[in-house]
Amino acid sequence: MLSRSCFDLLNLDPIDDFRAVSRIPRVMKASGFISDFENADHHGSGGSSSSSSSDNKNNNNVVSSAQQEQQRRIIVSNHLPIHAFRDAETNKWSFEYDHDSLVLQLKDGGGFPPNVEVLYVGCLKGAEIDPCDQDDVALVLLHEFHCVPCFLPTEILNKFYHGFCKHYLWPLFHYMLPMTPSHGARFDRALWQAYVSANKAFADRMIEVLNPDEDYVWIHDYHLMVLPTFLRKRYYRVKLGFFLHSPFPSSEIYRTIPVREEILRALLNCDLIGFHIFDYARHFLSCCSRMLGLHYEFKRGYMGLEYYGRIVSIKMLPVGIHMGQLQSVMSLGVTAEKVKALKEKFEGKIVILGVDDMDLFKGISLKFLAMKQLLEEHHSLRGKVVLVQITNPARSGGKDVQEVLSEMSAIAKEINKKYGQPGYQPIVVIHGPVTTQEKAAYYAISECCLVNAVRDGMNLVPYTYSVCRQGSSVLHKALGIVDEAAVTKKSVIIVSEFIGCSPSLSGAIRVNPWNIDAVSGAMNFAITMSEEEKHFRHDKHYKYISSHDVAYWAQSFDQDLERACREHYRRRCWGIGLGLGFRVVALGFNFRKLSVDHIAYAYRNTSSRLILLDYDGTMTPQASVDKAPSSEVISVLNCLCSDPKNIVFIVSGRGKNSLSKWFSQCEKLGLSAEHGYFTRWSKYSPWETCTLTMDYSWKKIVLPIMESYTEATDGSFIEQKDSALVWHHQDGDPHFGSSQAKELLDHLESVLVNEPVVVKRGQHIVEVKPLGVSKGKVVEELLSTMQNRVRSPDFLLCIGDDRSDEDMFKSIMHPESNPSMPAIAEVFACTVGQKPSMAKYYLDDTVDVIQLLQGVASASAQPKSVPQHPESFEVFI
């Protein structure tokens with residue numbers, strides 16, 4: 001069984017991918033090219049035939065040219081920020097910008113530097129262009145609007161957008177599982193294939209205009225989640241960012257998607273993935289952990305996932321509004337006229353405003369029921385409070401939309417019939433589309449804004465409401481305000497706790513939309529709130545919203561995308577995997593795969609060798625149930641030990657009793673147990689104990705703590721060693737076990753701060769051991785002993801896979817830290833798995849380790865004419 005590589009991923013991949021990995025040559029000379037030897041004069045292609053020419057350039061030249069060229073931002077979304085109109089008489093198309101489009105506001109709102117060119121890629125919304133006109137339309141959009149249209153066939157478009165996106169993926173991302181055929185759309189393979197085809201069409205369109213060395217690509221929303229794979233497959237170093245504008249569901253919901261891994265792996269082909277709030281990012285990270293075995297880390301304030309040598313950055317950043325555009329709308333005369341008319345219409349009334357899309361997650365019916373309860377419980381408010389509900393048109397049709405509309409209309413009709421009076425309707429429903437100016441007018445005259453969605457991505461309605469309540473001189477004049485300086489700006493927001501903007505609105509009244517009593521109470525509280533508190537809450541919101549606008553959002557994401565891509569030309573890259581399982585392996589220029597050919601020459605031409613091998617994850621797979629060594633492992637170790645020039649040691653964190661039992665057939669094998677606390681040079685040598693003075697009173701503190709975590713974590717257990725205590729959680733829930741391990745680590749570090757111990761976290765373990773005991777010390781002591789008894793080794797091979805093995809690599813690769821360490825001519829420090837390491841070499845898995853050792857053992861056979869060195873290491877036995 002293959003062990004895991006790069007944070008335990010490789011054993012989850014198809015076997016075809018392993019064969020692809022095994023075919024990767026040992027040393028890479030440049031990006032996209034790989035050679036077998038560092039000094040080879042020829043190169044073999046390391047990328048696909050479609051790989052960009054930039055992958056084959058000298059890295060320094062690429063970087064310098066990219067810096068000199070003007071940068072572009074390619075913004076990719078399902079729809080272009082364009083309104084398309086067709087003249088009925090001339091049958092010709094005309095176009096204009098959609099200034100309400102968020103992707104247009106990235107540039108228009110000041111999100112990018114003025115000298116940065118922005119190119120938009122997407123479909124034309126609501127426009128079906130004849131194939132014979134598509135080339136002409138594309139030219140007009142490119143030259144006049146900087147837009148590159150993607151024309152999808154009608155059948156593909158319907159299955160892609162209305163089928164897979166809106167009727168399957170969008171409800172599921174909003175936590176609605178299709179339990180029955182009448183309750184949401186179930187997964188349909190044909191719709192999924194249309195989704196993939198549409199994403200592929202977007203990629204093909206982008207390739208026509210994309211310069212991978214210069215351009216930064218920013219992909220938006222769930223419609224294009226597999227697009228990154230198509231782009232990364234073509235250009236290994238393309239600069240890719242992705243932002244999800246919808247919620248990302250919990251792993252329990254997301255795992256129901258039959259193509260869940262394909263989507264996850266596609267997103268991980270980006271350099272930066274953005275979410276509105278931490279909850280969405282946390283759910284994504286949980287899915288990566290549970291389904292792909294990935295772990296995330298905070299590094300200098302940034303959150304990142306390591307994926308085959310690449311760092312995928314994760315960013316939490318709520319989107320903002322276009323302040324300048326909204327302020328311009330508030331300064332228009334038509335807006336002022338509408339404000340004046342609405343003020344007269346609702347004179348003496350308290351207006352509560354709702355603005356929502358027409359869909360089943362906006363909670364409009366629940367909002368109406370809360371209004372009904374408010375009027376039932378507070379008779380004094382009848383005739384005074386009006387709930388104005390503006391509904392934007394549905395983005396996709398369907399039975400669910402009709403059901404929402406029917407229920408909403410029925411409840412509103414019932415309430416208006418029961419509590420209405422001549423000239424008064426408790427609920428006023430305005431079916432859109434409604435102009436931006438008209439919405440701004442409603443915002444300006446409303447005392448409260450109620451956003452009651454049961455699940456929503458971000459929802460900028462409260463942001464827009466707060467800015468409109470701040471007002472402008474034109475609006476103040478329309479409202480009859482004479483002294484602008486003396487007016488107190490005030491507003492109240494009631495917001496569902498299940499939408500993305502909720503965490504950023506600290507002054508809002510947060511409600512559970514399903515709790516009708518709570519929403520009704522919040523409405524009454526908003527109405528009766530003091531003027532001072534309304535002003536305080538408004539001022540708090542406005543300061544945040546005005547400073548975190550769309551420009552701030554775009555600039556922040558853009559800066560992080562540049563940061564995330566800085567390492568692109570400092571690593572070698574090649575692609576592995578088929579279809580949507582494709583990903584890029586990225587390694588440092590000094591990090592290479594260790595081969596028998598590379599090590600055999602040094603091995604044959606040295607006479608004093610030390611071979612240090614970790615056990616778990618190195619000689620046997622981490623996931624193996626039976627931890628005892630296989631006959632193959634015993635055989636290769638005995639073969640190595642039979643060479644009198646070799647000293648071979650197993651250096652492990654396991655206890656001496658287990659190691660003694662497992663390796664009883666290897667008489668000449670050295671063992672170092674419990675990270676070097678116990679050491680013996682052969683089967684018949686006594687165990688030597690670490691010379692450090694030990695006090696084990698700390699075990700009385702640690703054991704009860706570990707026992708409490710074991711009781712709370714199913715599948716965990718405690719291993720009691722002579723020198724250490726280890727808490728294991730590999731058999732428990734991966735996400736919860738990892739969370740418990742982090743908490744246990746923090747707990748133990750705090751209570752053991754004055755004890756002579758070190759607390760370390762390894763693969764599925766938390767270990768407490770004496771200070772000064774480490775695998776690095778083992779290396780130093782073995783080398784010192786060899787130097788004193790016979791001679792220093794001139795060949796050293798060290799292989800390990802865990803964090804504890806990094807101590808060995810550090811001692812070997814940085815001998816300057818210990819002047820007493822002897823100089824060694826040939827040093828090979830090798831980690832198992834393609835991951836960051838102090839080692840210079842890597843092997844993919846335990847199979848590679850055994851094959852390497854077998855190759856080394858066979859290389860030890862010397863011609864009979866070559867005399868053996870008279871000195872033998874048998875003296876240690």
# chains A, B, ... in the order shown; residues from 1 in each chain; ligands from 1
call {"tool": "closest_atom_pairs", "arguments": {"of": "stretch 171-209 of chain A", "to": "stretch 393-413 of chain A", "cutoff": "10 Å", "atoms": "only C-alpha atoms", "output": "JSON lines"}}
result
{"residue": "A:Ser182", "atom": "CA", "partner": "A:Lys399", "partner_atom": "CA", "distance": 9.0}
{"residue": "A:His183", "atom": "CA", "partner": "A:Asp400", "partner_atom": "CA", "distance": 8.4}
{"residue": "A:Gly184", "atom": "CA", "partner": "A:Asp400", "partner_atom": "CA", "distance": 8.1}
call {"tool": "write_last_selection", "arguments": {"atoms": "C-alpha atoms", "output": "CSV table (one decimal), in the first residue's frame"}}
result
chain,number,residue,atom,x,y,z
A,182,SER,CA,-40.3,17.6,-5.8
A,183,HIS,CA,-37.9,19.2,-3.3
A,184,GLY,CA,-35.0,20.5,-5.4
call {"tool": "select_by_dssp", "arguments": {"residues": "stretch 34-259 of chain A", "states": "helix (DSSP H, G or I)", "output": "count of residues only"}}
result
90
call {"tool": "closest_residue", "arguments": {"among": "A:Asn158, A:Asn452, A:Thr435, A:Gln555", "to": "A:Gly109", "atoms": "only C-alpha atoms"}}
result
A:Gln555
call {"tool": "residues_around", "arguments": {"residues": "stretch 709-712 of chain A", "least_positions_apart": "3", "cutoff": "10 Å", "atoms": "only C-alpha atoms", "output": "list in words"}}
result
Pro704, Ile705, Met706, Gly715, Ser716, Phe717, Ile718, Trp727, His728, His729, Gly737, Gln740, Ala741, Glu743 and Leu744 of chain A
call {"tool": "closest_residue", "arguments": {"among": "A:Phe498, A:Arg310, A:Leu703, A:Asn638", "to": "A:Val511", "atoms": "only C-alpha atoms"}}
result
A:Phe498
call {"tool": "residues_around", "arguments": {"residues": "A:Gly110", "least_positions_apart": "6", "cutoff": "9 Å", "atoms": "only C-alpha atoms", "output": "ChimeraX atom specification"}}
result
/A:550-552,554-555
call {"tool": "residues_around", "arguments": {"residues": "A:Lys543", "least_positions_apart": "6", "cutoff": "12 Å", "atoms": "only C-alpha atoms", "output": "number ranges by chain"}}
result
A: 463, 466-467, 470, 504-507, 536-537, 549
call {"tool": "atom_distance", "arguments": {"atom1": "atom CA of A:Lys239", "atom2": "atom CA of A:Val217"}}
result
6.0 Å
call {"tool": "residues_around", "arguments": {"residues": "A:Asp135", "least_positions_apart": "5", "cutoff": "12 Å", "atoms": "only C-alpha atoms", "output": "list in words"}}
result
Ile129, Asp130, Val140, Leu141, Leu142, Val148, Pro149, Cys150 and Phe151 of chain A
call {"tool": "write_last_selection", "arguments": {"atoms": "C-alpha atoms", "output": "PDB file, in the first residue's frame"}}
result
ATOM      1  CA  ILE A 129     -26.563  36.075 -30.808  1.00  0.00           C
ATOM      2  CA  ASP A 130     -26.839  34.347 -34.154  1.00  0.00           C
ATOM      3  CA  VAL A 140     -17.361  45.454 -30.972  1.00  0.00           C
ATOM      4  CA  LEU A 141     -17.360  44.232 -27.362  1.00  0.00           C
ATOM      5  CA  LEU A 142     -13.584  43.800 -27.310  1.00  0.00           C
ATOM      6  CA  VAL A 148     -14.584  38.964 -24.483  1.00  0.00           C
ATOM      7  CA  PRO A 149     -17.924  37.191 -24.918  1.00  0.00           C
ATOM      8  CA  CYS A 150     -18.275  33.453 -24.536  1.00  0.00           C
ATOM      9  CA  PHE A 151     -21.075  32.226 -26.801  1.00  0.00           C
TER      10      PHE A 151
END
call {"tool": "closest_residue", "arguments": {"among": "A:Ala441, A:Val757, A:Leu285, A:Leu152", "to": "A:Leu479", "atoms": "only C-alpha atoms"}}
result
A:Ala441
call {"tool": "atom_distance", "arguments": {"atom1": "atom CA of A:Gly776", "atom2": "atom CA of A:Ile647"}}
result
17.1 Å
call {"tool": "residues_around", "arguments": {"residues": "A:Leu124", "least_positions_apart": "3", "cutoff": "7 Å", "atoms": "only C-alpha atoms", "output": "JSON, numbers by chain"}}
result
{"A": [79, 80, 82, 127, 149]}
call {"tool": "closest_residue", "arguments": {"among": "A:Thr180, A:Thr831, A:Thr90, A:Ser804", "to": "A:Leu594", "atoms": "only C-alpha atoms"}}
result
A:Thr831
call {"tool": "atom_distance", "arguments": {"atom1": "atom CA of A:Glu567", "atom2": "atom CA of A:Leu587"}}
result
10.3 Å
call {"tool": "closest_atom_pairs", "arguments": {"of": "stretch 215-288 of chain A", "to": "stretch 294-309 of chain A", "cutoff": "12 Å", "atoms": "only C-alpha atoms", "output": "JSON lines"}}
result
{"residue": "A:Leu264", "atom": "CA", "partner": "A:Leu294", "partner_atom": "CA", "distance": 11.3}
{"residue": "A:Arg265", "atom": "CA", "partner": "A:Tyr307", "partner_atom": "CA", "distance": 9.4}
{"residue": "A:Ala266", "atom": "CA", "partner": "A:Tyr307", "partner_atom": "CA", "distance": 11.6}
{"residue": "A:Leu267", "atom": "CA", "partner": "A:Tyr307", "partner_atom": "CA", "distance": 11.1}
{"residue": "A:Leu268", "atom": "CA", "partner": "A:Tyr307", "partner_atom": "CA", "distance": 7.3}
{"residue": "A:Asn269", "atom": "CA", "partner": "A:Tyr307", "partner_atom": "CA", "distance": 8.6}
{"residue": "A:Cys270", "atom": "CA", "partner": "A:Tyr307", "partner_atom": "CA", "distance": 10.4}
{"residue": "A:Asp271", "atom": "CA", "partner": "A:Gly304", "partner_atom": "CA", "distance": 9.7}
{"residue": "A:Leu272", "atom": "CA", "partner": "A:Gly304", "partner_atom": "CA", "distance": 8.9}
{"residue": "A:Ile273", "atom": "CA", "partner": "A:Gly304", "partner_atom": "CA", "distance": 9.7}
{"residue": "A:Gly274", "atom": "CA", "partner": "A:Met303", "partner_atom": "CA", "distance": 11.0}
{"residue": "A:Phe278", "atom": "CA", "partner": "A:Met303", "partner_atom": "CA", "distance": 10.9}
{"residue": "A:Ala281", "atom": "CA", "partner": "A:Met303", "partner_atom": "CA", "distance": 9.9}
{"residue": "A:Arg282", "atom": "CA", "partner": "A:Tyr296", "partner_atom": "CA", "distance": 10.2}
{"residue": "A:Phe284", "atom": "CA", "partner": "A:Tyr296", "partner_atom": "CA", "distance": 10.8}
{"residue": "A:Leu285", "atom": "CA", "partner": "A:Tyr296", "partner_atom": "CA", "distance": 7.2}
{"residue": "A:Ser286", "atom": "CA", "partner": "A:His295", "partner_atom": "CA", "distance": 8.8}
{"residue": "A:Cys287", "atom": "CA", "partner": "A:Leu294", "partner_atom": "CA", "distance": 8.9}
{"residue": "A:Cys288", "atom": "CA", "partner": "A:Leu294", "partner_atom": "CA", "distance": 5.5}
call {"tool": "select_by_dssp", "arguments": {"residues": "stretch 651-841 of chain A", "states": "strand (DSSP E)", "output": "VMD selection string"}}
result
chain A and resid 651 670 to 673 678 to 680 688 to 689 717 to 720 725 to 728 757 to 762 765 to 770 795 to 800 826 to 832 841
